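Data from start.cif: mmCIF, C-alpha atoms
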```cif
data_query
#
loop_
_atom_site.label_atom_id
_atom_site.label_comp_id
_atom_site.auth_asym_id
_atom_site.auth_seq_id
_atom_site.Cartn_x
_atom_site.Cartn_y
_atom_site.Cartn_z
CA MET A 215 -13.10 22.14 -6.14
CA THR A 216 -11.32 20.73 -3.09
CA GLU A 217 -11.92 22.32 0.30
CA SER A 218 -10.03 21.65 3.55
CA ILE A 219 -12.19 21.49 6.64
CA MET A 220 -11.38 21.26 10.34
CA LEU A 221 -12.94 18.65 12.54
CA GLY A 222 -14.08 18.93 16.14
CA THR A 223 -13.92 21.87 18.51
CA PRO A 224 -12.09 25.10 17.61
CA THR A 225 -8.35 25.23 18.26
CA PRO A 226 -7.57 26.37 20.87
CA PRO A 227 -10.95 25.72 22.53
CA PRO A 228 -12.43 28.36 24.82
CA LEU A 229 -11.80 27.77 28.53
CA LEU A 230 -14.14 28.57 31.38
CA ALA A 231 -11.38 29.95 33.59
CA GLU A 232 -7.66 29.97 34.17
CA ARG A 233 -6.54 27.18 36.46
CA ARG A 234 -5.77 28.12 40.03
CA LYS A 235 -1.98 28.13 40.46
CA THR A 236 -0.81 25.23 42.60
CA ARG A 237 2.26 23.35 43.66
CA GLN A 238 3.20 20.60 41.23
CA LEU A 239 3.77 16.93 41.98
CA MET A 240 4.14 13.68 40.09
CA VAL A 241 1.93 10.68 40.76
CA GLY A 242 4.01 8.12 38.93
CA ARG A 243 4.29 9.50 35.43
CA VAL A 244 1.15 11.65 35.73
CA GLY A 245 1.73 15.28 36.57
CA VAL A 246 -0.73 16.79 39.04
CA GLY A 247 -1.22 20.51 39.52
CA SER A 248 -2.04 23.59 37.50
CA ASP A 249 0.76 22.99 34.99
CA HIS A 250 -0.82 19.66 34.01
CA PRO A 251 -4.19 18.57 32.60
CA VAL A 252 -6.95 17.67 35.06
CA SER A 253 -6.72 13.90 35.48
CA VAL A 254 -9.46 11.30 35.94
CA GLN A 255 -9.26 8.78 38.75
CA SER A 256 -11.28 5.78 39.83
CA MET A 257 -10.97 2.97 42.36
CA THR A 258 -10.97 -0.78 41.95
CA THR A 259 -13.77 -2.84 43.48
CA THR A 260 -11.84 -6.11 43.60
CA LEU A 261 -10.11 -7.59 46.62
CA THR A 262 -6.67 -6.07 46.30
CA ALA A 263 -5.17 -9.32 47.55
CA ASP A 264 -6.46 -10.93 44.35
CA VAL A 265 -3.68 -9.57 42.18
CA ASN A 266 -4.94 -10.96 38.86
CA ALA A 267 -8.50 -9.70 39.32
CA THR A 268 -7.25 -6.29 40.42
CA LEU A 269 -4.88 -5.96 37.48
CA GLN A 270 -7.64 -7.04 35.11
CA GLN A 271 -9.93 -4.31 36.42
CA ILE A 272 -7.11 -1.76 36.23
CA ALA A 273 -6.61 -2.74 32.58
CA GLU A 274 -10.31 -2.13 31.91
CA LEU A 275 -10.12 1.26 33.62
CA THR A 276 -7.02 2.14 31.63
CA ALA A 277 -8.79 1.28 28.38
CA ALA A 278 -11.70 3.52 29.42
CA GLY A 279 -9.37 6.50 29.88
CA CYS A 280 -8.52 6.38 33.58
CA ASP A 281 -5.29 8.26 34.42
CA ILE A 282 -4.73 7.16 38.02
CA VAL A 283 -6.25 4.27 39.97
CA ARG A 284 -6.73 3.75 43.70
CA VAL A 285 -6.77 0.36 45.42
CA ALA A 286 -7.98 -0.43 48.92
CA CYS A 287 -5.56 -1.77 51.50
CA PRO A 288 -7.48 -2.82 54.62
CA SER A 289 -5.53 -6.01 55.39
CA ALA A 290 -2.05 -7.52 55.51
CA ASP A 291 -2.86 -9.66 52.46
CA ASP A 292 -3.74 -6.52 50.52
CA ALA A 293 -0.49 -4.88 51.57
CA LEU A 294 1.46 -7.93 50.39
CA ALA A 295 -0.20 -7.64 46.96
CA LEU A 296 0.75 -3.98 46.44
CA PRO A 297 4.28 -4.49 45.01
CA ALA A 298 3.02 -6.74 42.18
CA ILE A 299 0.10 -4.46 41.40
CA ALA A 300 2.18 -1.29 41.44
CA ALA A 301 4.81 -2.89 39.21
CA LYS A 302 2.43 -4.33 36.62
CA SER A 303 -0.25 -1.64 36.39
CA GLN A 304 -0.19 0.47 33.22
CA ILE A 305 -1.28 3.55 35.17
CA PRO A 306 -0.11 4.92 38.55
CA VAL A 307 -1.52 3.13 41.59
CA ILE A 308 -2.53 4.93 44.79
CA ALA A 309 -2.93 2.86 47.96
CA ASP A 310 -5.99 3.79 50.01
CA ILE A 311 -5.26 3.55 53.74
CA HIS A 312 -7.66 3.66 56.66
CA PHE A 313 -7.36 2.72 60.34
CA GLN A 314 -3.89 1.13 60.34
CA PRO A 315 -0.89 3.44 59.90
CA LYS A 316 1.44 0.48 59.31
CA TYR A 317 -0.12 0.04 55.86
CA VAL A 318 0.95 3.57 54.91
CA PHE A 319 4.57 2.47 55.26
CA ALA A 320 3.87 -0.82 53.49
CA ALA A 321 2.39 1.04 50.52
CA ILE A 322 5.35 3.41 50.32
CA GLU A 323 7.78 0.50 50.45
CA ALA A 324 5.73 -1.34 47.81
CA GLY A 325 6.42 1.37 45.25
CA CYS A 326 2.90 2.79 45.01
CA ALA A 327 2.78 6.04 43.05
CA ALA A 328 1.05 7.78 45.98
CA VAL A 329 -0.76 7.01 49.22
CA ARG A 330 -4.14 8.31 50.29
CA VAL A 331 -4.57 8.69 54.05
CA ASN A 332 -7.72 9.54 55.97
CA PRO A 333 -6.57 11.33 59.14
CA GLY A 334 -10.01 11.08 60.71
CA ASN A 335 -9.88 7.32 61.15
CA ILE A 336 -6.18 6.40 61.35
CA LYS A 337 -5.14 5.72 64.93
CA LYS A 338 -3.06 8.55 66.40
CA PHE A 339 -2.35 9.83 62.88
CA ASP A 340 -0.89 13.15 63.97
CA ASP A 341 1.75 11.33 66.02
CA LYS A 342 2.83 9.44 62.89
CA VAL A 343 3.20 12.41 60.56
CA ALA A 344 6.95 12.86 61.07
CA GLU A 345 7.62 9.20 60.34
CA ILE A 346 5.30 9.15 57.32
CA ALA A 347 6.86 12.33 55.92
CA ARG A 348 10.33 10.86 56.26
CA ALA A 349 9.40 7.62 54.50
CA ALA A 350 7.47 9.39 51.75
CA ARG A 351 10.33 11.82 51.11
CA ASP A 352 12.88 9.01 50.97
CA HIS A 353 10.82 7.19 48.32
CA GLY A 354 9.52 10.23 46.44
CA THR A 355 5.93 9.27 47.26
CA PRO A 356 3.21 11.97 47.33
CA ILE A 357 0.52 11.83 49.99
CA ARG A 358 -3.15 12.65 49.50
CA ILE A 359 -4.84 13.94 52.63
CA GLY A 360 -8.36 12.65 52.08
CA VAL A 361 -10.90 14.13 54.49
CA ASN A 362 -14.41 12.66 54.37
CA ALA A 363 -17.58 13.98 55.97
CA GLY A 364 -18.41 10.49 57.22
CA SER A 365 -15.12 10.02 59.06
CA LEU A 366 -14.20 13.48 60.26
CA ASP A 367 -11.84 13.79 63.22
CA PRO A 368 -13.99 13.64 66.42
CA ARG A 369 -12.27 16.78 67.70
CA LEU A 370 -13.55 18.78 64.76
CA MET A 371 -17.01 17.23 64.97
CA ALA A 372 -17.15 18.39 68.59
CA LYS A 373 -15.97 21.87 67.63
CA HIS A 374 -18.26 22.44 64.62
CA GLY A 375 -21.17 20.17 65.52
CA ARG A 376 -21.24 18.53 62.11
CA ALA A 377 -19.22 18.17 58.92
CA THR A 378 -19.46 21.77 57.78
CA PRO A 379 -17.35 23.17 54.93
CA GLU A 380 -15.24 24.94 57.53
CA ALA A 381 -14.71 21.72 59.49
CA LEU A 382 -13.64 19.78 56.40
CA ALA A 383 -11.21 22.47 55.31
CA GLU A 384 -9.82 22.94 58.80
CA SER A 385 -9.10 19.22 59.11
CA ALA A 386 -7.22 19.10 55.81
CA LEU A 387 -5.26 22.29 56.45
CA TRP A 388 -4.28 21.14 59.93
CA GLU A 389 -2.87 17.88 58.63
CA ALA A 390 -1.07 19.68 55.79
CA SER A 391 0.51 22.03 58.34
CA LEU A 392 1.87 19.05 60.28
CA PHE A 393 3.55 17.73 57.14
CA ALA A 394 4.86 21.22 56.38
CA GLU A 395 6.52 21.31 59.83
CA HIS A 396 8.65 18.43 58.58
CA ASP A 397 9.31 20.18 55.27
CA PHE A 398 7.13 17.76 53.31
CA HIS A 399 4.96 19.42 50.69
CA ASP A 400 4.20 16.73 48.10
CA LEU A 401 0.57 16.78 49.14
CA LYS A 402 -2.74 16.63 47.36
CA ILE A 403 -5.91 17.38 49.31
CA SER A 404 -9.53 16.28 49.07
CA VAL A 405 -12.49 17.26 51.26
CA LYS A 406 -15.42 15.13 50.21
CA HIS A 407 -19.07 15.42 51.20
CA ASN A 408 -22.21 13.84 49.78
CA ASP A 409 -23.89 17.26 49.50
CA PRO A 410 -22.50 19.16 46.49
CA VAL A 411 -23.23 22.54 48.08
CA VAL A 412 -21.20 21.71 51.20
CA MET A 413 -18.47 20.12 49.11
CA ILE A 414 -18.17 23.13 46.78
CA ARG A 415 -17.80 25.57 49.66
CA ALA A 416 -15.20 23.38 51.38
CA TYR A 417 -13.02 23.39 48.26
CA GLU A 418 -13.48 27.13 47.83
CA ILE A 419 -12.16 27.64 51.37
CA LEU A 420 -9.18 25.39 50.64
CA ALA A 421 -8.43 27.22 47.40
CA GLU A 422 -8.33 30.51 49.29
CA GLN A 423 -6.00 29.24 52.00
CA CYS A 424 -3.46 26.91 50.34
CA ASP A 425 -1.73 26.21 47.06
CA TYR A 426 -1.78 22.42 47.20
CA PRO A 427 -3.34 20.55 44.25
CA LEU A 428 -6.94 19.56 44.96
CA HIS A 429 -8.64 16.26 44.18
CA LEU A 430 -12.38 16.79 43.61
CA GLY A 431 -15.05 14.32 44.61
CA VAL A 432 -18.63 14.13 45.84
CA THR A 433 -18.42 11.15 48.17
CA GLU A 434 -21.20 8.57 48.28
CA ALA A 435 -22.82 10.43 45.39
CA GLY A 436 -25.29 7.60 44.83
CA PRO A 437 -26.52 5.48 41.91
CA ALA A 438 -25.36 6.28 38.39
CA PHE A 439 -27.99 8.89 37.46
CA GLN A 440 -28.02 10.78 40.76
CA GLY A 441 -24.26 10.54 41.21
CA THR A 442 -23.60 11.80 37.71
CA ILE A 443 -25.78 14.85 38.28
CA LYS A 444 -24.22 15.63 41.66
CA SER A 445 -20.68 15.25 40.34
CA ALA A 446 -21.29 17.25 37.18
CA VAL A 447 -22.85 20.12 39.14
CA ALA A 448 -20.11 20.20 41.79
CA PHE A 449 -17.19 19.78 39.40
CA GLY A 450 -18.59 22.33 36.98
CA ALA A 451 -19.02 24.91 39.74
CA LEU A 452 -15.45 24.45 40.93
CA LEU A 453 -13.71 24.01 37.59
CA ARG A 454 -15.51 27.19 36.47
CA GLN A 455 -13.37 28.92 39.09
CA GLY A 456 -10.22 27.10 38.02
CA ILE A 457 -10.35 24.90 41.14
CA GLY A 458 -9.51 21.21 40.75
CA ASP A 459 -6.55 19.19 39.55
CA THR A 460 -7.82 15.61 39.65
CA ILE A 461 -11.37 14.26 39.83
CA ARG A 462 -13.15 11.08 40.81
CA VAL A 463 -16.84 10.50 40.09
CA SER A 464 -18.05 8.27 42.94
CA LEU A 465 -20.93 6.12 41.69
CA SER A 466 -22.75 3.05 42.92
CA ALA A 467 -21.86 1.54 39.57
CA PRO A 468 -18.95 -0.28 37.92
CA PRO A 469 -15.79 1.86 38.09
CA VAL A 470 -15.50 2.04 34.30
CA GLU A 471 -18.73 4.06 34.38
CA GLU A 472 -17.07 6.51 36.77
CA VAL A 473 -14.28 7.04 34.27
CA LYS A 474 -16.69 7.53 31.37
CA VAL A 475 -18.64 10.17 33.29
CA GLY A 476 -15.52 11.94 34.52
CA THR A 477 -14.00 12.00 31.06
CA GLN A 478 -17.20 13.38 29.58
CA ILE A 479 -17.39 16.12 32.21
CA LEU A 480 -13.86 17.26 31.36
CA GLN A 481 -14.52 17.08 27.62
CA SER A 482 -17.70 19.14 28.01
CA LEU A 483 -15.69 21.84 29.79
CA ASN A 484 -12.90 21.76 27.16
CA LEU A 485 -10.51 20.49 29.82
CA ARG A 486 -9.82 17.32 27.85
CA PRO A 487 -9.75 16.96 24.05
CA ARG A 488 -13.21 16.10 22.78
CA LYS A 489 -13.73 12.93 20.81
CA LEU A 490 -17.17 11.84 19.63
CA GLU A 491 -19.97 14.26 20.51
CA ILE A 492 -23.58 13.58 19.60
CA VAL A 493 -25.86 16.62 19.21
CA SER A 494 -29.46 15.43 19.11
CA CYS A 495 -32.98 16.75 19.56
CA PRO A 496 -34.78 16.66 22.91
CA SER A 497 -38.30 15.33 23.20
CA CYS A 498 -40.45 17.52 20.94
CA GLY A 499 -43.81 17.33 19.22
CA ARG A 500 -42.24 18.64 16.01
CA ALA A 501 -40.02 15.59 15.53
CA GLN A 502 -40.94 13.62 12.41
CA VAL A 503 -38.68 10.64 13.18
CA ASP A 504 -37.83 8.59 16.27
CA VAL A 505 -34.90 10.76 17.39
CA TYR A 506 -34.29 8.69 20.53
CA LYS A 507 -33.77 5.56 18.46
CA LEU A 508 -31.65 7.33 15.84
CA ALA A 509 -29.37 8.93 18.42
CA ASP A 510 -28.92 5.69 20.35
CA GLU A 511 -28.13 3.69 17.22
CA VAL A 512 -25.65 6.26 15.90
CA THR A 513 -23.96 6.47 19.31
CA ALA A 514 -23.66 2.69 19.51
CA GLY A 515 -22.35 2.46 15.96
CA LEU A 516 -19.63 5.05 16.59
CA GLU A 517 -18.58 3.88 20.06
CA GLY A 518 -14.83 4.05 20.53
CA MET A 519 -14.20 6.60 17.78
CA GLU A 520 -11.06 8.61 18.60
CA VAL A 521 -11.41 11.38 16.00
CA PRO A 522 -12.89 14.61 17.46
CA LEU A 523 -16.20 14.46 15.64
CA ARG A 524 -19.42 16.37 16.31
CA VAL A 525 -22.44 14.52 14.89
CA ALA A 526 -25.89 16.14 14.80
CA VAL A 527 -28.93 13.85 14.74
CA MET A 528 -31.92 16.14 14.20
CA GLY A 529 -35.57 15.29 13.78
CA CYS A 530 -37.38 18.33 12.41
CA VAL A 531 -37.07 21.26 10.03
CA VAL A 532 -36.98 23.99 12.71
CA ASN A 533 -33.48 23.54 14.17
CA GLY A 534 -32.42 20.50 12.17
CA PRO A 535 -30.74 22.08 9.12
CA GLY A 536 -28.95 24.72 11.19
CA GLU A 537 -27.57 22.26 13.74
CA ALA A 538 -26.62 19.78 11.02
CA ARG A 539 -24.71 22.49 9.14
CA GLU A 540 -22.77 23.48 12.26
CA ALA A 541 -21.66 19.92 12.98
CA ASP A 542 -18.88 17.98 11.28
CA LEU A 543 -21.50 15.44 10.23
CA GLY A 544 -25.25 15.63 10.59
CA VAL A 545 -28.69 14.71 9.45
CA ALA A 546 -31.85 16.83 9.23
CA SER A 547 -34.74 14.39 9.15
CA GLY A 548 -38.38 14.69 8.08
CA ASN A 549 -40.99 13.41 5.67
CA GLY A 550 -39.49 9.93 5.68
CA LYS A 551 -36.01 10.99 4.60
CA GLY A 552 -32.84 12.62 5.87
CA GLN A 553 -30.51 15.21 4.42
CA ILE A 554 -26.91 14.26 5.21
CA PHE A 555 -24.53 17.17 5.88
CA VAL A 556 -20.74 17.11 5.98
CA LYS A 557 -19.30 20.33 7.41
CA GLY A 558 -22.21 22.47 6.31
CA GLN A 559 -22.81 20.96 2.88
CA VAL A 560 -25.63 18.59 1.89
CA ILE A 561 -23.94 15.60 0.29
CA LYS A 562 -26.98 13.36 -0.19
CA THR A 563 -30.56 12.65 0.79
CA VAL A 564 -31.44 9.14 1.95
CA PRO A 565 -34.60 7.30 3.01
CA GLU A 566 -35.25 7.27 6.75
CA HIS A 567 -34.29 3.61 7.12
CA GLN A 568 -30.81 4.36 5.72
CA ILE A 569 -30.00 7.34 7.96
CA VAL A 570 -28.08 5.44 10.64
CA GLU A 571 -26.15 3.33 8.15
CA THR A 572 -25.23 6.40 6.11
CA LEU A 573 -24.09 8.46 9.10
CA ILE A 574 -21.87 5.63 10.33
CA GLU A 575 -20.38 5.14 6.86
CA GLU A 576 -19.66 8.86 6.51
CA ALA A 577 -18.18 9.04 10.01
CA MET A 578 -15.84 6.15 9.23
CA ARG A 579 -14.82 7.81 5.96
CA ILE A 580 -14.11 11.08 7.76
CA ALA A 581 -12.11 9.27 10.45
CA GLU A 582 -10.06 7.44 7.83
CA GLU A 583 -9.31 10.63 5.90
CA ALA A 584 -8.52 12.47 9.13
CA GLY A 585 -5.94 9.82 9.92
CA GLU A 586 -4.32 10.35 6.53
CA THR A 587 -4.05 14.13 6.99
CA ALA A 588 -3.43 14.42 10.73
CA GLY A 589 0.15 15.60 10.23
CA SER A 590 -0.94 19.25 10.23
CA ALA A 591 -1.04 21.23 13.45
CA GLY A 592 -4.31 21.56 15.36
CA SER A 593 -7.38 19.40 14.87
CA PRO A 594 -7.44 16.67 12.22
CA VAL A 595 -8.18 18.01 8.74
CA VAL A 596 -10.50 16.35 6.26
CA THR A 597 -10.48 17.15 2.56
CA VAL A 598 -13.83 16.92 0.77
CA SER A 599 -14.77 17.65 -2.80
#
```
In structure tokens, what does this structure look like?
Amino acid sequence: MTESIMLGTPTPPPLLAERRKTRQLMVGRVGVGSDHPVSVQSMTTTLTADVNATLQQIAELTAAGCDIVRVACPSADDALALPAIAAKSQIPVIADIHFQPKYVFAAIEAGCAAVRVNPGNIKKFDDKVAEIARAARDHGTPIRIGVNAGSLDPRLMAKHGRATPEALAESALWEASLFAEHDFHDLKISVKHNDPVVMIRAYEILAEQCDYPLHLGVTEAGPAFQGTIKSAVAFGALLRQGIGDTIRVSLSAPPVEEVKVGTQILQSLNLRPRKLEIVSCPSCGRAQVDVYKLADEVTAGLEGMEVPLRVAVMGCVVNGPGEAREADLGVASGNGKGQIFVKGQVIKTVPEHQIVETLIEEAMRIAEEAGETAGSAGSPVVTVS
């Protein structure tokens, strides 16, 4: 008998919360705001003036799933490189401007998809708002007001004593009000802090007081492990409330790693279609196989798989069969062998040394069959006998 089975997460997947309603804007071809998916951003680490190196890194970020990329523009040489980068990049390019307001205008003229400005460290920024708003409107260029705890306007530091959530939000809302005076509203706002608790509260205040799209980030989050934890905690707390329209995971690590973490956070919250998901045992005295090794080898063997596939790699008889049955593909291991499950059914039992090879073979078969039957609505369908 032939049975049709659905792969991946249920359709439609459950959501944590309705998105907060925001204004909408376009960053190049990427829509930003509550009517659009939450997008993943990162930033190049190359010298922007080195056009080839910067475009190469942008290509790597694009391949990793980055939606929007930011490039630094601290010098005249960087500004001169912006037109070529903006024209040749496969994803929208945001110019990151600090200190010199003249580079804001250079980035707009260069055709960048958006410009990020940091009011706290741009000379006499408030006096330039009218001119910036005019140029941005003429070119259809959105502006991100990016407030950082480490470069907060001295006036607000004097008022609040430190970079409190209230100080961060007040800075951003003040600058947004100046743009609004000139009838410019294509704004996105970020208020970043290295402490997730402070950062979360700052965004909550913003969400209560404006309807601009919000870009989430824990600034200077730290090395990969620490930064991943901080970002996941902060983004989860805010996205749970429907707050957040774009995200950037700031890691002391290659930018591709930022994109991988950000993408995984959104997939885990059902805010981006899930692809490969490995369900595997934690450390446990009941395990009868080396689950760490199995999970790592299966993950490596299936890297890059695009089909939404949940694979369970289980190492004991307590939770193993149940988890393996619930997955699209799974193994329940023990006593030197593994039972291979496909969508709840045991299809074979193999020796322990063949588990990884068998799981990869079955995953490839499922992916191939899913591609042949993906014309139906919803998740890919696989037909098994």
- List, as a ChimeraX atom specification, every residue that the PyMOL selection byres ((chain A and resi 323-334) around 7) selects in the file provided. /A:241-242,296-297,300,306-312,318-322,335-336,339,355-361,365-367
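Across the chains present, the PyMOL selection byres ((chain A and resi 383-392) around 8) applied to this file returns Pro333, Asp340, Val343, Ile359, Gly360, Val361, Leu366, Asp367, Leu370, Pro379, Glu380, Ala381, Leu382, Phe393, Ala394, Glu395, His396, His399, Leu401, Ile403, Ser404, Val405, Ala416, Tyr417, Ile419, Leu420 and Cys424 of chain A.
All protein, DNA and RNA residues at most 9 Å from (-32.2, 13.0, 13.7) are Ser494, Cys495, Ala501, Gln502, Val503, Asp504, Val505, Tyr506, Lys507, Leu508, Ala509, Ala526, Val527, Met528, Gly529, Cys530, Gly534, Gly544, Val545, Ala546, Ser547, Gly548, Gly552 and Ile569 of chain A, using all atoms listed in the file.
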Apply the PyMOL selection byres ((chain A and resi 451) around 12) to the file shown and report the selected residues as a ChimeraX atom specification.
/A:230-231,410-411,413-415,417-418,430,444-450,452-458,479,483
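Separating CA of Gly518 (chain A) from CA of Thr477 (chain A) is a distance of 13.2 Å.
CA of Lys235 (chain A) lies 5.4 Å from CA of Ser248 (chain A).
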Counting all atoms listed in the file, the residue among A:Leu573, A:Ala541, A:Ile346, A:Met578 that lies closest to Glu491 (chain A) is A:Ala541
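Between CA of Arg524 (chain A) and CA of Ile574 (chain A) there is a distance of 12.5 Å.
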